[in-house]
file structure.csv (CSV, C-alpha atoms)
chain,number,residue,atom,x,y,z
A,1,MET,CA,90.5,95.8,72.0
A,2,ASP,CA,93.6,93.6,71.5
A,3,THR,CA,95.8,94.4,74.5
A,4,ALA,CA,99.0,93.0,72.9
A,5,SER,CA,100.0,96.1,70.9
A,6,PRO,CA,99.7,98.8,73.6
A,7,LEU,CA,101.3,96.7,76.2
A,8,ALA,CA,104.2,95.4,74.1
A,9,ALA,CA,106.3,98.6,74.6
A,10,LEU,CA,106.1,98.2,78.4
A,11,ALA,CA,107.0,94.6,78.4
A,12,ALA,CA,109.9,95.2,76.1
A,13,ALA,CA,111.5,97.9,78.4
A,14,PRO,CA,110.5,97.1,82.0
A,15,THR,CA,113.5,98.9,83.5
A,16,ARG,CA,112.2,102.2,82.1
A,17,ALA,CA,108.5,101.6,82.8
A,18,ALA,CA,106.2,102.3,85.7
A,19,LEU,CA,102.9,100.5,86.6
A,20,VAL,CA,100.6,102.6,88.8
A,21,LEU,CA,97.4,100.9,89.9
A,22,ASP,CA,94.2,101.8,91.7
A,23,VAL,CA,93.1,99.3,94.4
A,24,ASP,CA,89.4,99.0,95.1
A,25,GLY,CA,87.6,97.7,92.0
A,26,THR,CA,91.0,97.3,90.3
A,27,LEU,CA,93.2,95.0,92.3
A,28,ALA,CA,90.5,94.1,94.9
A,29,PRO,CA,86.9,93.3,94.0
A,30,ILE,CA,84.4,95.9,95.3
A,31,ALA,CA,83.0,94.8,98.6
A,32,ALA,CA,79.8,95.8,100.3
A,33,ARG,CA,81.8,97.7,102.9
A,34,PRO,CA,85.4,99.0,102.6
A,35,GLU,CA,86.7,96.9,105.5
A,36,LEU,CA,85.6,93.7,103.7
A,37,ALA,CA,87.7,94.3,100.6
A,38,ALA,CA,90.6,91.9,99.9
A,39,VAL,CA,93.3,91.6,97.3
A,40,PRO,CA,93.4,88.0,96.1
A,41,PRO,CA,96.6,86.0,96.9
A,42,GLU,CA,97.3,85.4,93.2
A,43,THR,CA,97.2,89.2,92.6
A,44,ARG,CA,99.7,89.7,95.4
A,45,ASP,CA,102.0,87.1,93.9
A,46,GLU,CA,101.8,88.9,90.5
A,47,LEU,CA,102.6,92.2,92.1
A,48,ARG,CA,105.7,90.8,93.7
A,49,ARG,CA,106.8,89.4,90.4
A,50,LEU,CA,106.3,92.8,88.7
A,51,ILE,CA,108.2,94.7,91.4
A,52,GLY,CA,111.2,92.6,90.6
A,53,ARG,CA,110.9,93.3,86.9
A,54,TYR,CA,109.7,97.0,86.5
A,55,LEU,CA,111.3,100.3,87.4
A,56,LEU,CA,108.3,101.2,89.6
A,57,VAL,CA,105.1,99.4,90.7
A,58,ALA,CA,102.8,101.6,92.9
A,59,CYS,CA,99.3,101.8,94.2
A,60,LEU,CA,97.4,105.0,94.2
A,61,SER,CA,94.1,104.8,96.1
A,62,GLY,CA,91.4,106.8,97.7
A,63,ARG,CA,92.1,105.0,101.0
A,64,PRO,CA,94.6,106.3,103.5
A,65,GLY,CA,98.1,105.2,102.5
A,66,ASP,CA,98.8,103.0,105.6
A,67,GLU,CA,95.5,101.2,105.0
A,68,VAL,CA,96.4,100.6,101.4
A,69,THR,CA,99.7,99.1,102.5
A,70,ARG,CA,97.9,96.7,104.8
A,71,LEU,CA,95.2,95.8,102.3
A,72,VAL,CA,97.5,95.0,99.4
A,73,GLY,CA,100.0,93.3,101.7
A,74,VAL,CA,103.0,93.4,99.4
A,75,GLU,CA,106.4,94.4,100.8
A,76,THR,CA,108.3,97.2,99.0
A,77,LEU,CA,105.2,98.3,97.1
A,78,ARG,CA,104.9,102.1,96.9
A,79,CYS,CA,101.5,103.2,98.2
A,80,VAL,CA,100.0,106.7,98.0
A,81,GLY,CA,96.6,107.3,99.6
A,82,ASN,CA,93.8,109.8,99.6
A,83,HIS,CA,93.9,110.2,95.8
A,84,GLY,CA,97.3,111.8,96.1
A,85,LEU,CA,96.4,114.3,98.8
A,86,GLU,CA,99.0,112.8,101.1
A,87,LEU,CA,101.7,114.3,98.9
A,88,ASP,CA,100.4,117.9,99.4
A,89,PRO,CA,102.8,119.8,101.7
A,90,ARG,CA,99.7,121.3,103.4
A,91,ALA,CA,98.3,117.9,104.4
A,92,SER,CA,98.0,118.7,108.1
A,93,GLU,CA,96.2,121.9,107.5
A,94,LEU,CA,93.8,120.3,105.0
A,95,ALA,CA,93.1,117.5,107.4
A,96,ALA,CA,91.9,120.1,110.0
A,97,VAL,CA,89.5,121.5,107.4
A,98,VAL,CA,88.1,118.1,106.7
A,99,ALA,CA,87.7,117.4,110.5
A,100,ARG,CA,85.7,120.6,111.0
A,101,PHE,CA,83.3,119.7,108.2
A,102,ARG,CA,82.8,116.2,109.6
A,103,GLU,CA,81.9,117.7,113.0
A,104,SER,CA,79.4,120.0,111.3
A,105,VAL,CA,77.7,117.1,109.5
A,106,GLY,CA,77.4,115.1,112.7
A,107,GLY,CA,75.6,111.8,112.3
A,108,SER,CA,73.5,112.7,109.3
A,109,TRP,CA,75.1,109.8,107.4
A,110,PRO,CA,77.6,107.1,108.2
A,111,VAL,CA,81.0,108.2,107.0
A,112,GLU,CA,84.4,106.6,106.3
A,113,ASP,CA,86.9,109.1,107.7
A,114,LYS,CA,90.2,109.0,105.8
A,115,ARG,CA,91.6,112.1,107.6
A,116,LEU,CA,92.2,114.0,104.4
A,117,SER,CA,88.9,113.1,102.9
A,118,LEU,CA,85.5,111.7,103.8
A,119,ALA,CA,83.6,108.9,102.0
A,120,PHE,CA,79.8,108.6,102.3
A,121,HIS,CA,79.0,105.1,101.0
A,122,PHE,CA,75.5,104.0,99.9
A,123,ARG,CA,76.2,100.6,98.3
A,124,ASP,CA,74.1,98.6,100.7
A,125,VAL,CA,71.1,101.0,101.2
A,126,ALA,CA,67.5,99.8,100.5
A,127,ASP,CA,66.5,103.0,98.7
A,128,GLU,CA,69.4,104.3,96.5
A,129,ALA,CA,67.4,107.3,95.1
A,130,ALA,CA,66.6,108.5,98.6
A,131,ALA,CA,70.2,108.1,99.7
A,132,ILE,CA,71.5,110.1,96.7
A,133,ALA,CA,69.0,112.8,97.4
A,134,GLN,CA,70.2,113.0,101.1
A,135,LEU,CA,73.8,113.0,100.1
A,136,GLU,CA,73.3,115.7,97.5
A,137,ILE,CA,72.5,117.9,100.5
A,138,VAL,CA,75.8,116.8,102.2
A,139,ALA,CA,77.6,117.6,98.9
A,140,GLU,CA,76.1,121.1,98.7
A,141,ARG,CA,77.1,121.8,102.4
A,142,ALA,CA,80.6,120.6,101.6
A,143,ARG,CA,80.9,123.0,98.6
A,144,ALA,CA,79.5,125.8,100.7
A,145,ALA,CA,82.3,125.1,103.2
A,146,GLY,CA,84.9,125.4,100.5
A,147,LEU,CA,85.4,121.7,99.9
A,148,THR,CA,84.9,119.6,96.8
A,149,ALA,CA,82.3,116.9,96.5
A,150,ARG,CA,82.2,114.2,93.9
A,151,PHE,CA,80.1,111.1,93.4
A,152,GLY,CA,81.8,107.8,92.4
A,153,ARG,CA,80.9,104.1,92.5
A,154,LYS,CA,78.1,104.2,95.2
A,155,VAL,CA,80.0,106.8,97.2
A,156,LEU,CA,80.1,110.5,97.7
A,157,GLU,CA,83.7,111.7,98.4
A,158,VAL,CA,84.3,115.0,100.1
A,159,ARG,CA,87.9,116.4,100.0
A,160,PRO,CA,89.6,119.8,100.4
A,161,VAL,CA,90.5,121.9,97.5
A,162,SER,CA,94.0,121.0,96.4
A,163,ASP,CA,96.1,120.7,93.2
A,164,TRP,CA,97.0,117.2,94.5
A,165,ASP,CA,94.7,114.7,92.8
A,166,LYS,CA,95.5,111.4,91.1
A,167,GLY,CA,96.8,113.2,88.1
A,168,ARG,CA,99.4,115.2,89.9
A,169,ALA,CA,100.3,112.2,92.1
A,170,VAL,CA,100.9,110.1,89.0
A,171,ARG,CA,103.2,112.7,87.5
A,172,ALA,CA,105.1,112.9,90.8
A,173,LEU,CA,105.6,109.2,91.0
A,174,LEU,CA,106.8,109.0,87.4
A,175,GLU,CA,109.1,112.0,87.8
A,176,GLY,CA,110.5,110.5,91.0
A,177,CYS,CA,111.6,107.3,89.4
A,178,GLY,CA,112.5,108.7,85.9
A,179,ALA,CA,110.1,106.5,84.0
A,180,SER,CA,109.7,107.1,80.3
A,181,LEU,CA,106.9,104.6,79.8
A,182,ALA,CA,103.9,104.0,82.1
A,183,LEU,CA,100.6,102.3,82.6
A,184,TYR,CA,97.8,103.4,84.9
A,185,ALA,CA,94.8,101.1,85.7
A,186,GLY,CA,91.6,102.2,87.5
A,187,ASP,CA,87.9,101.8,87.6
A,188,ASP,CA,86.2,105.0,88.7
A,189,THR,CA,85.7,108.7,88.2
A,190,THR,CA,88.8,109.8,90.1
A,191,ASP,CA,90.9,107.6,87.8
A,192,LEU,CA,90.2,110.0,84.9
A,193,ASP,CA,92.5,112.4,86.8
A,194,ALA,CA,95.2,109.8,86.6
A,195,PHE,CA,94.6,109.2,82.9
A,196,ARG,CA,95.1,113.0,82.4
A,197,GLY,CA,98.3,112.9,84.5
A,198,LEU,CA,99.7,110.3,82.1
A,199,GLY,CA,99.0,112.6,79.2
A,200,GLU,CA,100.7,115.5,80.9
A,201,ALA,CA,103.8,113.5,81.9
A,202,ARG,CA,105.4,113.7,78.4
A,203,LEU,CA,106.1,110.0,78.2
A,204,GLU,CA,107.4,108.0,75.3
A,205,HIS,CA,104.5,105.6,75.7
A,206,ALA,CA,101.5,105.6,78.0
A,207,VAL,CA,98.7,103.0,78.5
A,208,ARG,CA,95.4,103.9,80.2
A,209,VAL,CA,93.6,100.8,81.4
A,210,ALA,CA,89.9,100.9,82.3
A,211,VAL,CA,88.8,98.1,84.7
A,212,ALA,CA,85.2,97.8,83.6
A,213,SER,CA,82.1,96.9,85.6
A,214,GLY,CA,78.4,97.6,85.4
A,215,GLU,CA,79.1,100.8,87.3
A,216,SER,CA,81.9,102.1,85.0
A,217,PRO,CA,81.8,105.8,84.2
A,218,PRO,CA,81.3,106.1,80.5
A,219,ALA,CA,84.1,108.6,80.2
A,220,LEU,CA,86.6,106.1,81.7
A,221,LEU,CA,85.8,103.6,79.0
A,222,ARG,CA,86.0,106.2,76.2
A,223,GLU,CA,89.4,107.5,77.3
A,224,ALA,CA,91.0,104.1,77.9
A,225,ASP,CA,93.5,102.6,75.6
A,226,VAL,CA,92.7,99.1,77.0
A,227,THR,CA,89.6,97.8,78.7
A,228,VAL,CA,89.5,94.7,80.9
A,229,GLN,CA,86.6,93.2,82.8
A,230,GLY,CA,87.0,93.6,86.5
A,231,PRO,CA,90.0,92.7,88.8
A,232,VAL,CA,90.1,89.2,87.2
A,233,GLY,CA,90.7,90.8,83.8
A,234,LEU,CA,93.3,93.1,85.2
A,235,LEU,CA,95.2,90.2,86.7
A,236,GLU,CA,95.4,88.5,83.3
A,237,LEU,CA,96.7,91.8,81.8
A,238,LEU,CA,99.4,92.0,84.5
A,239,ARG,CA,100.4,88.4,83.8
A,240,SER,CA,101.1,89.5,80.2
A,241,LEU,CA,103.6,92.0,81.5
call {"tool": "encode", "arguments": {"input": "structure.csv", "output": "structure tokens"}}
result
Amino acid sequence: MDTASPLAALAAAPTRAALVLDVDGTLAPIAARPELAAVPPETRDELRRLIGRYLLVACLSGRPGDEVTRLVGVETLRCVGNHGLELDPRASELAAVVARFRESVGGSWPVEDKRLSLAFHFRDVADEAAAIAQLEIVAERARAAGLTARFGRKVLEVRPVSDWDKGRAVRALLEGCGASLALYAGDDTTDLDAFRGLGEARLEHAVRVAVASGESPPALLREADVTVQGPVGLLELLRSL
């Protein structure tokens, strides 16, 4: 798809427009382990330029917000973590629910504890089918405990039941800054929630960007207004803004 047409309205009215971006797989290439991920310096430079031009530039990630801030490394960038759960007024209560479930699972699988959610990664396993079968058991246990469980790019994510997902977080960010135009870019299943949030925000103009890879959810590609190839493709799109 030619990206010029859907992006033109944003570039023409940056002081009324918001850019909300996922991080892993979108700004930062996917790494074998979360701690190895890095946002390229040229992408950081581009984010700094955009912050000076647009009404809002924000990151919305599955990582904890403070970790997103360190990973992206751009001053004054608004960062919201845990897929928007950090904005839920019940965050402390929900964190306790997640902690109890982690204790009940024990050491059955290595887990990335994000306080408000848990991520069970299987990117570097030798037998992926066996890993998924084992994690399906974890997922069923999570659902039985009143949590939600959702598979993404080589990961099972377990989180509490909450109205605060990426869709609601996108709406909150847009309402908070008063944007009338917006772009959201992401690469995974949870980014479909953000796409939905753009549609519910009653904007003058919205652009849904799929950052594609060999692991892209088909629904993400179908619902996107613009598709780019990986973080390098997204960087080129940002430069056009």
call {"tool": "atom_distance", "arguments": {"input": "structure.csv", "atom1": "atom CA of Leu234 of chain A", "atom2": "atom CA of Val23 of chain A"}}
result
11.1 Å
call {"tool": "residues_around", "arguments": {"input": "structure.csv", "residues": "Arg78 of chain A", "least_positions_apart": "5", "cutoff": "9 Å", "atoms": "all atoms listed in the file", "output": "list in words"}}
result
Leu56, Val57, Ala58, Cys59, Leu60 and Thr69 of chain A
call {"tool": "atom_distance", "arguments": {"input": "structure.csv", "atom1": "atom CA of Leu36 of chain A", "atom2": "atom CA of Val72 of chain A"}}
result
12.7 Å
call {"tool": "closest_residue", "arguments": {"input": "structure.csv", "among": "A:Ala11, A:Leu21, A:Val39, A:Leu118", "to": "Arg63 of chain A", "atoms": "all atoms listed in the file"}}
result
A:Leu118
call {"tool": "closest_residue", "arguments": {"input": "structure.csv", "among": "A:Leu27, A:Leu192, A:Leu10, A:Cys79", "to": "Gln229 of chain A", "atoms": "all atoms listed in the file"}}
result
A:Leu27
call {"tool": "atom_distance", "arguments": {"input": "structure.csv", "atom1": "atom CA of Gly84 of chain A", "atom2": "atom CA of Lys114 of chain A"}}
result
12.3 Å
call {"tool": "closest_residue", "arguments": {"input": "structure.csv", "among": "A:Ile30, A:Val97, A:Leu19, A:Leu116", "to": "Gly214 of chain A", "atoms": "all atoms listed in the file"}}
result
A:Ile30
call {"tool": "decode", "arguments": {"input": "structure.csv", "residues": "segment 76-93 of chain A", "atoms": "N, CA and C atoms", "output": "PDB file, in the first residue's frame"}}
result
ATOM      1  N   THR A  76      11.231  12.897  27.927  1.00  0.00           N
ATOM      2  CA  THR A  76       9.905  13.504  27.713  1.00  0.00           C
ATOM      3  C   THR A  76       8.949  12.610  26.927  1.00  0.00           C
ATOM      4  N   LEU A  77       9.337  11.409  26.570  1.00  0.00           N
ATOM      5  CA  LEU A  77       8.438  10.489  25.882  1.00  0.00           C
ATOM      6  C   LEU A  77       7.470   9.877  26.892  1.00  0.00           C
ATOM      7  N   ARG A  78       6.196   9.925  26.619  1.00  0.00           N
ATOM      8  CA  ARG A  78       5.185   9.322  27.505  1.00  0.00           C
ATOM      9  C   ARG A  78       5.213   7.810  27.314  1.00  0.00           C
ATOM     10  N   CYS A  79       5.337   7.057  28.399  1.00  0.00           N
ATOM     11  CA  CYS A  79       5.402   5.596  28.325  1.00  0.00           C
ATOM     12  C   CYS A  79       4.352   4.989  29.244  1.00  0.00           C
ATOM     13  N   VAL A  80       3.548   4.084  28.703  1.00  0.00           N
ATOM     14  CA  VAL A  80       2.553   3.343  29.469  1.00  0.00           C
ATOM     15  C   VAL A  80       2.840   1.860  29.285  1.00  0.00           C
ATOM     16  N   GLY A  81       2.909   1.120  30.383  1.00  0.00           N
ATOM     17  CA  GLY A  81       3.267  -0.289  30.311  1.00  0.00           C
ATOM     18  C   GLY A  81       2.128  -1.236  30.612  1.00  0.00           C
ATOM     19  N   ASN A  82       2.461  -2.527  30.576  1.00  0.00           N
ATOM     20  CA  ASN A  82       1.513  -3.594  30.882  1.00  0.00           C
ATOM     21  C   ASN A  82       0.229  -3.480  30.061  1.00  0.00           C
ATOM     22  N   HIS A  83       0.400  -3.157  28.776  1.00  0.00           N
ATOM     23  CA  HIS A  83      -0.734  -3.077  27.845  1.00  0.00           C
ATOM     24  C   HIS A  83      -1.823  -2.122  28.340  1.00  0.00           C
ATOM     25  N   GLY A  84      -1.448  -1.132  29.121  1.00  0.00           N
ATOM     26  CA  GLY A  84      -2.422  -0.166  29.630  1.00  0.00           C
ATOM     27  C   GLY A  84      -2.940  -0.465  31.017  1.00  0.00           C
ATOM     28  N   LEU A  85      -2.622  -1.623  31.566  1.00  0.00           N
ATOM     29  CA  LEU A  85      -3.097  -1.983  32.907  1.00  0.00           C
ATOM     30  C   LEU A  85      -2.618  -1.007  33.977  1.00  0.00           C
ATOM     31  N   GLU A  86      -1.501  -0.368  33.739  1.00  0.00           N
ATOM     32  CA  GLU A  86      -0.965   0.564  34.736  1.00  0.00           C
ATOM     33  C   GLU A  86      -1.892   1.756  34.961  1.00  0.00           C
ATOM     34  N   LEU A  87      -2.815   1.997  34.036  1.00  0.00           N
ATOM     35  CA  LEU A  87      -3.760   3.101  34.185  1.00  0.00           C
ATOM     36  C   LEU A  87      -5.012   2.710  34.973  1.00  0.00           C
ATOM     37  N   ASP A  88      -5.162   1.412  35.255  1.00  0.00           N
ATOM     38  CA  ASP A  88      -6.323   0.942  36.013  1.00  0.00           C
ATOM     39  C   ASP A  88      -6.190   1.399  37.462  1.00  0.00           C
ATOM     40  N   PRO A  89      -7.206   2.078  38.027  1.00  0.00           N
ATOM     41  CA  PRO A  89      -7.130   2.518  39.431  1.00  0.00           C
ATOM     42  C   PRO A  89      -6.949   1.360  40.412  1.00  0.00           C
ATOM     43  N   ARG A  90      -7.284   0.131  39.983  1.00  0.00           N
ATOM     44  CA  ARG A  90      -7.152  -1.033  40.856  1.00  0.00           C
ATOM     45  C   ARG A  90      -5.807  -1.734  40.681  1.00  0.00           C
ATOM     46  N   ALA A  91      -4.813  -1.057  40.153  1.00  0.00           N
ATOM     47  CA  ALA A  91      -3.545  -1.694  39.786  1.00  0.00           C
ATOM     48  C   ALA A  91      -2.913  -2.467  40.948  1.00  0.00           C
ATOM     49  N   SER A  92      -2.905  -1.904  42.138  1.00  0.00           N
ATOM     50  CA  SER A  92      -2.280  -2.590  43.272  1.00  0.00           C
ATOM     51  C   SER A  92      -3.013  -3.878  43.619  1.00  0.00           C
ATOM     52  N   GLU A  93      -4.331  -3.832  43.597  1.00  0.00           N
ATOM     53  CA  GLU A  93      -5.145  -5.020  43.871  1.00  0.00           C
ATOM     54  C   GLU A  93      -4.909  -6.096  42.813  1.00  0.00           C
TER      55      GLU A  93
END
